[in-house]
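Chemist: What follows is structure-v9.cif, mmCIF, C-alpha atoms and all ligand atoms.
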```cif
data_target
#
loop_
_atom_site.group_PDB
_atom_site.id
_atom_site.type_symbol
_atom_site.label_atom_id
_atom_site.label_comp_id
_atom_site.auth_asym_id
_atom_site.auth_seq_id
_atom_site.Cartn_x
_atom_site.Cartn_y
_atom_site.Cartn_z
ATOM 1 C CA MET A 1 113.149 101.670 181.010
ATOM 2 C CA ARG A 2 116.524 101.148 182.686
ATOM 3 C CA GLU A 3 119.861 99.811 181.526
ATOM 4 C CA LEU A 4 120.495 96.950 183.913
ATOM 5 C CA ALA A 5 123.193 94.490 184.828
ATOM 6 C CA ASN A 6 123.139 91.226 186.678
ATOM 7 C CA VAL A 7 126.253 90.085 188.522
ATOM 8 C CA ASN A 8 125.974 86.570 189.956
ATOM 9 C CA GLY A 9 122.238 86.840 190.430
ATOM 10 C CA THR A 10 122.098 90.414 191.754
ATOM 11 C CA ILE A 11 120.432 92.999 189.541
ATOM 12 C CA CYS A 12 121.844 96.530 189.569
ATOM 13 C CA ALA A 13 122.028 99.633 187.381
ATOM 14 C CA LEU A 14 124.458 98.893 184.558
ATOM 15 C CA GLU A 15 126.777 101.747 185.537
ATOM 16 C CA ASP A 16 127.054 100.311 189.061
ATOM 17 C CA ALA A 17 128.051 96.772 188.033
ATOM 18 C CA VAL A 18 131.391 95.684 189.505
ATOM 19 C CA ILE A 19 133.458 92.643 188.558
ATOM 20 C CA PRO A 20 136.611 91.450 190.395
ATOM 21 C CA ALA A 21 139.826 92.546 188.681
ATOM 22 C CA GLU A 22 141.169 88.992 188.930
ATOM 23 C CA ASP A 23 138.226 87.439 187.158
ATOM 24 C CA ARG A 24 139.660 84.880 184.753
ATOM 25 C CA GLY A 25 137.462 86.414 182.076
ATOM 26 C CA CYS A 26 139.603 89.590 182.319
ATOM 27 C CA LEU A 27 142.921 87.805 182.765
ATOM 28 C CA PHE A 28 142.568 85.017 180.201
ATOM 29 C CA GLY A 29 139.276 85.447 178.361
ATOM 30 C CA ASP A 30 138.413 82.223 180.209
ATOM 31 C CA GLY A 31 134.677 82.158 179.649
ATOM 32 C CA VAL A 32 131.913 82.025 177.070
ATOM 33 C CA TYR A 33 129.150 84.433 176.122
ATOM 34 C CA GLU A 34 125.983 85.046 174.150
ATOM 35 C CA VAL A 35 124.269 88.065 172.625
ATOM 36 C CA VAL A 36 120.504 87.938 172.292
ATOM 37 C CA ARG A 37 118.115 90.531 170.938
ATOM 38 C CA ALA A 38 114.747 91.367 172.396
ATOM 39 C CA TYR A 39 111.975 92.666 170.175
ATOM 40 C CA GLN A 40 108.785 94.195 171.556
ATOM 41 C CA GLY A 41 109.479 92.953 175.061
ATOM 42 C CA ARG A 42 110.379 89.389 174.084
ATOM 43 C CA LEU A 43 113.758 87.671 174.034
ATOM 44 C CA TRP A 44 114.130 86.384 170.490
ATOM 45 C CA GLY A 45 115.493 82.866 170.044
ATOM 46 C CA LEU A 46 116.613 82.541 173.650
ATOM 47 C CA HIS A 47 116.177 78.746 173.573
ATOM 48 C CA ARG A 48 118.606 78.529 170.652
ATOM 49 C CA HIS A 49 121.157 80.812 172.276
ATOM 50 C CA TRP A 50 120.784 78.848 175.494
ATOM 51 C CA ARG A 51 121.499 75.573 173.689
ATOM 52 C CA ARG A 52 124.638 77.054 172.124
ATOM 53 C CA PHE A 53 125.709 78.555 175.481
ATOM 54 C CA GLN A 54 125.446 75.162 177.151
ATOM 55 C CA ARG A 55 127.490 73.624 174.358
ATOM 56 C CA SER A 56 130.197 76.304 174.703
ATOM 57 C CA LEU A 57 130.302 75.668 178.458
ATOM 58 C CA ARG A 58 130.748 71.937 177.927
ATOM 59 C CA GLU A 59 133.494 72.505 175.379
ATOM 60 C CA ILE A 60 135.550 74.567 177.832
ATOM 61 C CA ASP A 61 134.821 72.207 180.710
ATOM 62 C CA LEU A 62 132.890 74.805 182.699
ATOM 63 C CA GLN A 63 129.912 73.215 184.412
ATOM 64 C CA PRO A 64 128.188 75.518 186.912
ATOM 65 C CA SER A 65 125.867 73.858 189.405
ATOM 66 C CA ASN A 66 123.298 76.675 189.054
ATOM 67 C CA LEU A 67 122.660 76.670 185.317
ATOM 68 C CA GLU A 68 118.891 76.767 185.693
ATOM 69 C CA ASP A 69 119.180 79.760 188.073
ATOM 70 C CA ILE A 70 121.227 81.544 185.438
ATOM 71 C CA ARG A 71 118.520 81.028 182.834
ATOM 72 C CA GLY A 72 116.025 82.533 185.302
ATOM 73 C CA TRP A 73 118.308 85.540 185.966
ATOM 74 C CA ILE A 74 118.470 86.291 182.257
ATOM 75 C CA GLU A 75 114.710 86.377 181.896
ATOM 76 C CA GLN A 76 114.119 88.282 185.168
ATOM 77 C CA THR A 77 116.766 90.904 184.458
ATOM 78 C CA TYR A 78 115.470 91.492 180.966
ATOM 79 C CA ARG A 79 111.890 91.855 182.247
ATOM 80 C CA ALA A 80 113.014 94.240 184.989
ATOM 81 C CA SER A 81 114.709 96.505 182.430
ATOM 82 C CA GLN A 82 111.413 97.140 180.621
ATOM 83 C CA ILE A 83 113.386 97.875 177.466
ATOM 84 C CA PRO A 84 111.253 96.600 174.576
ATOM 85 C CA ASN A 85 113.982 96.478 171.918
ATOM 86 C CA ALA A 86 117.169 95.504 173.634
ATOM 87 C CA THR A 87 120.549 93.920 173.213
ATOM 88 C CA VAL A 88 121.112 91.404 175.971
ATOM 89 C CA TYR A 89 124.665 90.266 176.593
ATOM 90 C CA PHE A 90 125.639 87.572 179.082
ATOM 91 C CA HIS A 91 128.734 85.605 179.920
ATOM 92 C CA LEU A 92 129.990 83.066 182.386
ATOM 93 C CA THR A 93 133.662 82.975 183.312
ATOM 94 C CA ARG A 94 135.566 80.409 185.323
ATOM 95 C CA GLY A 95 135.639 82.812 188.268
ATOM 96 C CA ALA A 96 138.088 85.040 190.100
ATOM 97 C CA SER A 97 141.382 83.848 191.582
ATOM 98 C CA PRO A 98 145.055 84.886 191.696
ATOM 99 C CA ARG A 99 146.498 84.664 188.199
ATOM 100 C CA ASN A 100 147.505 81.122 187.293
ATOM 101 C CA HIS A 101 146.864 79.417 183.972
ATOM 102 C CA SER A 102 145.539 76.226 185.551
ATOM 103 C CA TRP A 103 142.450 76.494 187.709
ATOM 104 C CA SER A 104 141.044 74.994 190.853
ATOM 105 C CA GLU A 105 137.920 72.868 190.421
ATOM 106 C CA ALA A 106 136.558 74.636 193.520
ATOM 107 C CA LEU A 107 136.322 78.022 191.746
ATOM 108 C CA GLU A 108 132.862 79.611 191.631
ATOM 109 C CA PRO A 109 132.006 80.639 188.050
ATOM 110 C CA SER A 110 131.106 84.340 187.580
ATOM 111 C CA PHE A 111 128.041 85.492 185.690
ATOM 112 C CA PHE A 112 127.607 88.919 184.148
ATOM 113 C CA MET A 113 124.787 90.234 182.031
ATOM 114 C CA SER A 114 123.809 93.599 180.592
ATOM 115 C CA VAL A 115 120.603 94.911 179.023
ATOM 116 C CA ARG A 116 120.736 98.011 176.845
ATOM 117 C CA PRO A 117 118.401 99.501 174.257
ATOM 118 C CA PHE A 118 119.265 98.159 170.828
ATOM 119 C CA ALA A 119 121.459 100.709 169.075
ATOM 120 C CA ASP A 120 120.380 100.845 165.444
ATOM 121 C CA ARG A 121 123.473 101.081 163.253
ATOM 122 C CA GLY A 122 121.483 102.581 160.438
ATOM 123 C CA ILE A 123 122.335 100.075 157.725
ATOM 124 C CA VAL A 124 119.919 100.789 154.909
ATOM 125 C CA ALA A 125 121.402 100.004 151.548
ATOM 126 C CA GLY A 126 123.773 97.172 152.315
ATOM 127 C CA ILE A 127 127.378 97.169 153.385
ATOM 128 C CA ARG A 128 130.919 96.877 152.152
ATOM 129 C CA VAL A 129 133.205 94.186 153.528
ATOM 130 C CA GLN A 130 136.977 93.954 153.530
ATOM 131 C CA SER A 131 138.837 90.647 153.350
ATOM 132 C CA VAL A 132 141.223 90.111 156.247
ATOM 133 C CA PRO A 133 143.288 86.991 157.109
ATOM 134 C CA ASP A 134 141.497 84.774 159.637
ATOM 135 C CA LEU A 135 144.064 84.641 162.431
ATOM 136 C CA ARG A 136 141.835 82.917 164.998
ATOM 137 C CA TRP A 137 142.353 79.631 166.829
ATOM 138 C CA ARG A 138 141.034 76.216 165.743
ATOM 139 C CA ARG A 139 137.935 76.184 167.954
ATOM 140 C CA CYS A 140 135.901 79.058 166.554
ATOM 141 C CA ASP A 141 132.791 76.932 167.165
ATOM 142 C CA ILE A 142 133.093 77.910 170.840
ATOM 143 C CA LYS A 143 131.637 81.349 171.598
ATOM 144 C CA SER A 144 134.640 82.257 173.699
ATOM 145 C CA LEU A 145 135.421 85.613 175.285
ATOM 146 C CA ASN A 146 138.764 85.612 173.462
ATOM 147 C CA LEU A 147 137.904 88.004 170.658
ATOM 148 C CA LEU A 148 141.185 89.789 169.986
ATOM 149 C CA PRO A 149 141.592 88.543 166.380
ATOM 150 C CA ASN A 150 137.944 89.428 165.684
ATOM 151 C CA VAL A 151 138.367 92.887 167.172
ATOM 152 C CA LEU A 152 141.558 93.558 165.204
ATOM 153 C CA ALA A 153 139.980 92.309 161.976
ATOM 154 C CA LYS A 154 136.904 94.507 162.385
ATOM 155 C CA GLN A 155 139.026 97.543 163.147
ATOM 156 C CA GLN A 156 141.200 96.919 160.092
ATOM 157 C CA ALA A 157 138.076 96.694 157.940
ATOM 158 C CA ARG A 158 136.668 99.904 159.433
ATOM 159 C CA LYS A 159 139.918 101.762 158.792
ATOM 160 C CA LEU A 160 139.604 100.782 155.140
ATOM 161 C CA GLY A 161 136.056 102.098 154.959
ATOM 162 C CA ALA A 162 134.246 98.741 155.212
ATOM 163 C CA TYR A 163 131.554 97.855 157.740
ATOM 164 C CA GLU A 164 132.707 94.302 158.409
ATOM 165 C CA ALA A 165 135.777 92.125 157.948
ATOM 166 C CA LEU A 166 135.437 89.061 155.755
ATOM 167 C CA LEU A 167 137.755 86.472 157.272
ATOM 168 C CA VAL A 168 139.775 84.341 154.873
ATOM 169 C CA ASP A 169 141.608 81.209 156.039
ATOM 170 C CA THR A 170 145.035 79.946 154.973
ATOM 171 C CA GLN A 171 143.432 77.938 152.134
ATOM 172 C CA GLY A 172 141.984 81.145 150.708
ATOM 173 C CA ASN A 173 138.415 80.282 151.750
ATOM 174 C CA VAL A 174 135.923 82.636 153.356
ATOM 175 C CA THR A 175 135.109 81.509 156.893
ATOM 176 C CA GLU A 176 132.840 84.239 158.321
ATOM 177 C CA GLY A 177 132.683 87.877 159.366
ATOM 178 C CA SER A 178 134.351 89.117 162.558
ATOM 179 C CA SER A 179 130.948 89.045 164.277
ATOM 180 C CA SER A 180 128.645 87.572 161.646
ATOM 181 C CA ALA A 181 128.139 84.581 159.383
ATOM 182 C CA ALA A 182 128.944 85.159 155.697
ATOM 183 C CA LEU A 183 126.799 83.547 153.013
ATOM 184 C CA ALA A 184 126.598 83.798 149.237
ATOM 185 C CA ILE A 185 123.815 83.092 146.764
ATOM 186 C CA LEU A 186 124.549 81.448 143.432
ATOM 187 C CA ASP A 187 121.457 81.050 141.258
ATOM 188 C CA ARG A 188 118.898 79.623 143.703
ATOM 189 C CA THR A 189 121.452 78.180 146.095
ATOM 190 C CA ILE A 190 122.489 79.739 149.372
ATOM 191 C CA VAL A 191 126.059 78.675 150.009
ATOM 192 C CA ALA A 192 127.366 78.606 153.567
ATOM 193 C CA PRO A 193 130.699 77.292 154.849
ATOM 194 C CA PRO A 194 130.616 73.761 156.307
ATOM 195 C CA GLN A 195 129.700 73.883 159.994
ATOM 196 C CA THR A 196 133.145 72.873 161.278
ATOM 197 C CA ALA A 197 135.198 74.078 164.241
ATOM 198 C CA ALA A 198 136.455 76.882 161.950
ATOM 199 C CA ILE A 199 133.248 78.881 162.363
ATOM 200 C CA LEU A 200 130.678 79.731 164.995
ATOM 201 C CA PRO A 201 127.363 77.872 164.684
ATOM 202 C CA SER A 202 125.374 81.036 163.992
ATOM 203 C CA ILE A 203 121.781 81.164 165.228
ATOM 204 C CA THR A 204 120.791 83.583 162.465
ATOM 205 C CA ARG A 205 122.237 81.224 159.891
ATOM 206 C CA GLU A 206 119.989 78.509 161.391
ATOM 207 C CA TYR A 207 116.997 80.747 160.668
ATOM 208 C CA VAL A 208 118.280 81.375 157.144
ATOM 209 C CA GLU A 209 118.435 77.634 156.539
ATOM 210 C CA GLU A 210 114.804 77.315 157.624
ATOM 211 C CA ILE A 211 113.768 80.309 155.517
ATOM 212 C CA ALA A 212 115.552 78.809 152.488
ATOM 213 C CA LEU A 213 113.219 75.843 152.740
ATOM 214 C CA GLU A 214 110.174 78.150 152.861
ATOM 215 C CA LEU A 215 111.408 80.086 149.822
ATOM 216 C CA LYS A 216 112.307 76.880 147.952
ATOM 217 C CA LEU A 217 115.940 77.868 147.778
ATOM 218 C CA ILE A 218 118.657 75.252 148.115
ATOM 219 C CA PHE A 219 120.873 75.563 151.188
ATOM 220 C CA GLN A 220 124.267 74.080 150.583
ATOM 221 C CA GLU A 221 127.364 73.825 152.744
ATOM 222 C CA ARG A 222 130.644 74.213 150.897
ATOM 223 C CA TRP A 223 133.741 76.326 151.039
ATOM 224 C CA LEU A 224 133.994 79.313 148.725
ATOM 225 C CA SER A 225 137.270 80.972 147.909
ATOM 226 C CA LEU A 226 137.385 84.725 148.274
ATOM 227 C CA ALA A 227 137.206 85.037 144.460
ATOM 228 C CA GLN A 228 134.159 82.741 144.297
ATOM 229 C CA PHE A 229 132.455 84.624 147.114
ATOM 230 C CA ARG A 230 133.135 87.952 145.407
ATOM 231 C CA SER A 231 131.754 86.749 142.088
ATOM 232 C CA ALA A 232 128.537 85.276 143.554
ATOM 233 C CA GLY A 233 125.278 86.844 142.368
ATOM 234 C CA GLU A 234 124.485 87.945 145.924
ATOM 235 C CA ALA A 235 126.154 87.814 149.315
ATOM 236 C CA PHE A 236 125.002 88.680 152.796
ATOM 237 C CA LEU A 237 125.920 88.591 156.464
ATOM 238 C CA ALA A 238 123.764 86.960 159.102
ATOM 239 C CA GLY A 239 123.986 87.772 162.795
ATOM 240 C CA THR A 240 121.917 88.509 165.856
ATOM 241 C CA SER A 241 122.692 92.232 165.940
ATOM 242 C CA ASP A 242 122.433 93.180 162.259
ATOM 243 C CA GLU A 243 120.048 90.378 161.251
ATOM 244 C CA ILE A 244 120.362 89.842 157.469
ATOM 245 C CA THR A 245 122.566 92.435 155.819
ATOM 246 C CA GLY A 246 123.277 92.557 152.104
ATOM 247 C CA ILE A 247 126.889 92.844 150.990
ATOM 248 C CA THR A 248 127.265 95.289 148.122
ATOM 249 C CA HIS A 249 131.065 95.291 147.778
ATOM 250 C CA VAL A 250 133.973 93.038 148.702
ATOM 251 C CA ASP A 251 137.328 94.836 148.756
ATOM 252 C CA GLY A 252 135.781 97.681 146.799
ATOM 253 C CA GLN A 253 134.499 95.397 144.012
ATOM 254 C CA ALA A 254 130.767 95.157 143.441
ATOM 255 C CA VAL A 255 128.981 91.898 144.270
ATOM 256 C CA GLY A 256 126.362 91.289 141.554
ATOM 257 C CA THR A 257 124.910 94.647 140.633
ATOM 258 C CA GLY A 258 126.534 96.380 143.595
ATOM 259 C CA GLU A 259 123.167 96.640 145.328
ATOM 260 C CA VAL A 260 121.491 94.392 147.872
ATOM 261 C CA GLY A 261 120.220 91.426 145.861
ATOM 262 C CA PRO A 262 116.538 90.436 145.553
ATOM 263 C CA TRP A 263 116.899 87.100 147.393
ATOM 264 C CA THR A 264 118.766 88.779 150.211
ATOM 265 C CA ARG A 265 115.932 91.313 150.509
ATOM 266 C CA GLU A 266 113.402 88.481 150.522
ATOM 267 C CA ILE A 267 115.267 86.499 153.187
ATOM 268 C CA ARG A 268 115.539 89.625 155.314
ATOM 269 C CA LYS A 269 111.820 90.300 154.889
ATOM 270 C CA VAL A 270 110.839 86.763 155.921
ATOM 271 C CA TYR A 271 113.235 86.905 158.884
ATOM 272 C CA ARG A 272 111.630 90.157 160.072
ATOM 273 C CA GLN A 273 108.161 88.645 159.606
ATOM 274 C CA ARG A 274 109.166 85.698 161.783
ATOM 275 C CA ILE A 275 110.329 88.123 164.455
ATOM 276 C CA GLU A 276 107.037 90.016 164.308
ATOM 277 C CA GLN A 277 105.127 86.731 164.553
ATOM 278 C CA GLY A 278 107.371 85.525 167.399
ATOM 279 C CA LYS A 279 108.196 82.370 165.414
ATOM 280 C CA ASP A 280 111.557 81.596 166.930
HETATM 281 C C1 LIG A 301 132.387 85.127 164.736
HETATM 282 C C2 LIG A 301 130.899 85.174 164.632
HETATM 283 N N1 LIG A 301 130.294 84.506 163.637
HETATM 284 C C3 LIG A 301 128.953 84.533 163.474
HETATM 285 C C4 LIG A 301 128.156 85.261 164.336
HETATM 286 C C5 LIG A 301 126.671 85.273 164.141
HETATM 287 O O1 LIG A 301 126.086 84.450 165.102
HETATM 288 P P1 LIG A 301 124.590 84.687 165.566
HETATM 289 O O2 LIG A 301 123.753 84.562 164.346
HETATM 290 O O3 LIG A 301 124.341 83.565 166.511
HETATM 291 O O4 LIG A 301 124.521 86.015 166.188
HETATM 292 C C6 LIG A 301 128.734 85.967 165.388
HETATM 293 C C7 LIG A 301 127.895 86.725 166.314
HETATM 294 O O5 LIG A 301 128.329 87.309 167.250
HETATM 295 C C8 LIG A 301 130.145 85.920 165.546
HETATM 296 O O6 LIG A 301 130.750 86.582 166.531
#
```
Can the structure from this file be put into structure tokens for me?
Modeler:
Amino acid sequence: MRELANVNGTICALEDAVIPAEDRGCLFGDGVYEVVRAYQGRLWGLHRHWRRFQRSLREIDLQPSNLEDIRGWIEQTYRASQIPNATVYFHLTRGASPRNHSWSEALEPSFFMSVRPFADRGIVAGIRVQSVPDLRWRRCDIKSLNLLPNVLAKQQARKLGAYEALLVDTQGNVTEGSSSAALAILDRTIVAPPQTAAILPSITREYVEEIALELKLIFQERWLSLAQFRSAGEAFLAGTSDEITGITHVDGQAVGTGEVGPWTREIRKVYRQRIEQGKD
């Protein structure tokens, strides 16, 4: 088992990975990324992450000529790490060049990837979230490296004793978490925000939509105000890293009974079963 990196097709120990200081990813956040989990030696949902990655690339007009090689590097590097339960991060930036906002079409994109053992954050009995204004740009559907508003929101939530920030737009509606999708359950209906450019198309949310069908729950897209979200019977976060995580409190106020709700537990259980069965 070794923590590995891959820089432009070359595998190395993670601590030895080197990236040019003038990479546009560092200077401008000019690139897109994905985070994938591996369970029991298998990359979970890679085809879905790959589809979203390709979409993000198109949306920022970054079209590498070696996309299929990159897909191969991801699989090879993960296999070489021999880490059964891993977090796999990868990004592609527009490349390295002297700082200039506009870019040359001749630039070679830069790939970076890391494989580390999954670090369990020990969430057992659900989490508290803190509402924070959503200060992000108008293309949150792109999984861009520009994460400053997300980072600041999460830190603000942590300072106030919450695990995650619940982002609220200028209309007063809940968009998502700083690194997770936010969903509520009202009666037998899972309510998720409309899949617009205001939120990331979450892969875990895709699974939740499929699981809703299995459990005969309704999956509905509509905006919820912060007050509506808070007063839902149940609420949860969905994301690659923390999977399905029940929300017990919003801004210190209990959601439902103040414990992880029964449907949330059921959805989490079915999600974990799918992982065990490799049904991605
Ligand atoms: C802003 C944001 N929303 C939602 C998600 C959840 O997406 P996924 O389920 O694909 O991990 C993430 C994950 O990183 C995120 O950063």
Chemist: Step by step, measure atom-to-atom distances between ligand LIG 301 (chain A) and each residue using all atoms listed in the file, keep those at most 6 Å, then write them as an MDAnalysis selection string.
Modeler: chainID A and resid 176:181 200 202:205 238:240
Chemist: Between CA of Ser81 (chain A) and CA of Arg272 (chain A), what distance in Å does the model show, to one decimal?
Modeler: 23.4 Å
Chemist: Sorted by chain and rising residue number, which residues of region 111-139 of chain A lie within 10 Å of region 150-161 of chain A, and what are their closest atom pairs and distances in Å to one decimal, counting only C-alpha atoms, as CSV?
Modeler:
```
residue,atom,partner,partner_atom,distance
A:Arg128,CA,A:Gly161,CA,7.8
A:Val129,CA,A:Ala157,CA,7.0
A:Gln130,CA,A:Ala157,CA,5.3
A:Ser131,CA,A:Ala157,CA,7.6
A:Val132,CA,A:Ala153,CA,6.3
A:Pro133,CA,A:Ala153,CA,7.9
A:Asp134,CA,A:Ala153,CA,8.0
A:Leu135,CA,A:Asn150,CA,8.4
A:Arg136,CA,A:Asn150,CA,7.6
```
Chemist: Smallest atom-to-atom distance to Trp223 (chain A): which of A:Asp280, A:Glu15, A:Asp141, A:Asp169, using all atoms listed in the file?
Modeler: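 The shortest atom-to-atom distance to Trp223 (chain A) comes from A:Asp169.
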Chemist: Given the file shown, determine the residues that the PyMOL selection byres (((chain A and resi 35-41) around 8) and not hetatm) selects; report them as a list of chain:residue names.
Modeler: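 When the PyMOL selection byres (((chain A and resi 35-41) around 8) and not hetatm) is applied, the selected residues are A:Tyr33, A:Glu34, A:Arg42, A:Leu43, A:Trp44, A:Gly45, A:Leu46, A:His49, A:Arg79, A:Gln82, A:Ile83, A:Pro84, A:Asn85, A:Ala86, A:Thr87, A:Val88, A:Tyr89, A:Phe90, A:Phe118, A:Thr240, A:Ser241, A:Ile275.
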Chemist: Grab the residues selected above and save them as an mmCIF file, in the frame of the given file with C-alpha atoms.
Modeler:
```
data_model
loop_
_atom_site.group_PDB
_atom_site.id
_atom_site.type_symbol
_atom_site.label_atom_id
_atom_site.label_comp_id
_atom_site.auth_asym_id
_atom_site.auth_seq_id
_atom_site.Cartn_x
_atom_site.Cartn_y
_atom_site.Cartn_z
ATOM 1 C CA TYR A 33 129.150 84.433 176.122
ATOM 2 C CA GLU A 34 125.983 85.046 174.150
ATOM 3 C CA ARG A 42 110.379 89.389 174.084
ATOM 4 C CA LEU A 43 113.758 87.671 174.034
ATOM 5 C CA TRP A 44 114.130 86.384 170.490
ATOM 6 C CA GLY A 45 115.493 82.866 170.044
ATOM 7 C CA LEU A 46 116.613 82.541 173.650
ATOM 8 C CA HIS A 49 121.157 80.812 172.276
ATOM 9 C CA ARG A 79 111.890 91.855 182.247
ATOM 10 C CA GLN A 82 111.413 97.140 180.621
ATOM 11 C CA ILE A 83 113.386 97.875 177.466
ATOM 12 C CA PRO A 84 111.253 96.600 174.576
ATOM 13 C CA ASN A 85 113.982 96.478 171.918
ATOM 14 C CA ALA A 86 117.169 95.504 173.634
ATOM 15 C CA THR A 87 120.549 93.920 173.213
ATOM 16 C CA VAL A 88 121.112 91.404 175.971
ATOM 17 C CA TYR A 89 124.665 90.266 176.593
ATOM 18 C CA PHE A 90 125.639 87.572 179.082
ATOM 19 C CA PHE A 118 119.265 98.159 170.828
ATOM 20 C CA THR A 240 121.917 88.509 165.856
ATOM 21 C CA SER A 241 122.692 92.232 165.940
ATOM 22 C CA ILE A 275 110.329 88.123 164.455
#
```
Chemist: Might you pull out every residue within 12 Å of Asn66 (chain A), with only C-alpha atoms counted and same-chain residues fewer than 5 positions away left off, and present them as a list in words?
Modeler: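 Counting only the stated atoms, we get Asn8, Gly9, Arg71, Gly72, Trp73, Leu92, Glu108, Pro109, Ser110 and Phe111 of chain A.
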Chemist: Using only C-alpha atoms, can you tell me which of A:Leu14, A:Val174, A:Val32, A:Ile185 comes closest to Ser56 (chain A)?
Modeler: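 Counting only C-alpha atoms, the residue closest to Ser56 (chain A) is A:Val32.
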Chemist: With the PyMOL selection byres (((chain A and resi 270) around 10) and not hetatm) as the selection, what would be picked from this file? Answer as a ChimeraX atom specification, please.
Modeler: /A:207-208,211-212,214-215,264-269,271-276
Chemist: For Gly258 (chain A), which residue out of A:Leu183, A:Leu148, A:Ile127, A:Ile218 is the nearest one, using only C-alpha atoms?
Modeler: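 Ranking A:Leu183, A:Leu148, A:Ile127, A:Ile218 by distance to Gly258 (chain A), first place goes to A:Ile127.
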Chemist: Which neighbours of Gln220 (chain A) fall inside 7 Å, counting all atoms listed in the file, when residues of the same chain fewer than 5 positions from it are skipped, and could you give them as an NGL selection string?
Modeler: :A and (189-192)
Chemist: Print the selection's residues with C-alpha atoms to a file, as a PDB file, in the coordinates of the input.
Modeler:
```
ATOM      1  CA  THR A 189     121.452  78.180 146.095  1.00  0.00           C
ATOM      2  CA  ILE A 190     122.489  79.739 149.372  1.00  0.00           C
ATOM      3  CA  VAL A 191     126.059  78.675 150.009  1.00  0.00           C
ATOM      4  CA  ALA A 192     127.366  78.606 153.567  1.00  0.00           C
TER       5      ALA A 192
END
```
Chemist: Please, what distance in Å, to one decimal, runs between CA of Leu166 (chain A) and CA of Trp137 (chain A)?
Modeler: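 Computed distance, CA of Leu166 (chain A) to CA of Trp137 (chain A), equals 16.1 Å.
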Chemist: Tell me which protein, DNA and RNA residues are within 8 Å of Ser231 (chain A), counting only C-alpha atoms, leaving out same-chain ones fewer than 2 positions away, and put them as a CSV table (one decimal) with C-alpha atoms, in the frame of the given file.
Modeler:
```csv
chain,number,residue,atom,x,y,z
A,227,ALA,CA,137.2,85.0,144.5
A,228,GLN,CA,134.2,82.7,144.3
A,229,PHE,CA,132.5,84.6,147.1
A,233,GLY,CA,125.3,86.8,142.4
A,255,VAL,CA,129.0,91.9,144.3
A,256,GLY,CA,126.4,91.3,141.6
```
Chemist: When you draw a straight line from CA of Gln54 (chain A) to CA of Leu67 (chain A), how long is it in Å?
Modeler: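 Separating CA of Gln54 (chain A) from CA of Leu67 (chain A) is a distance of 8.8 Å.
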Chemist: Restricting the calculation to only C-alpha atoms: of A:Glu59, A:Pro262, A:Arg222, A:Leu145, which residue gets closest to Asp187 (chain A)?
Modeler: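 Between A:Glu59, A:Pro262, A:Arg222, A:Leu145, the residue approaching Asp187 (chain A) most closely is A:Pro262.
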Chemist: Which of these residues is nearest to Ile142 (chain A), using only C-alpha atoms: A:Asp242, A:Asp61, A:Asp251, A:Glu68?
Modeler: A:Asp61
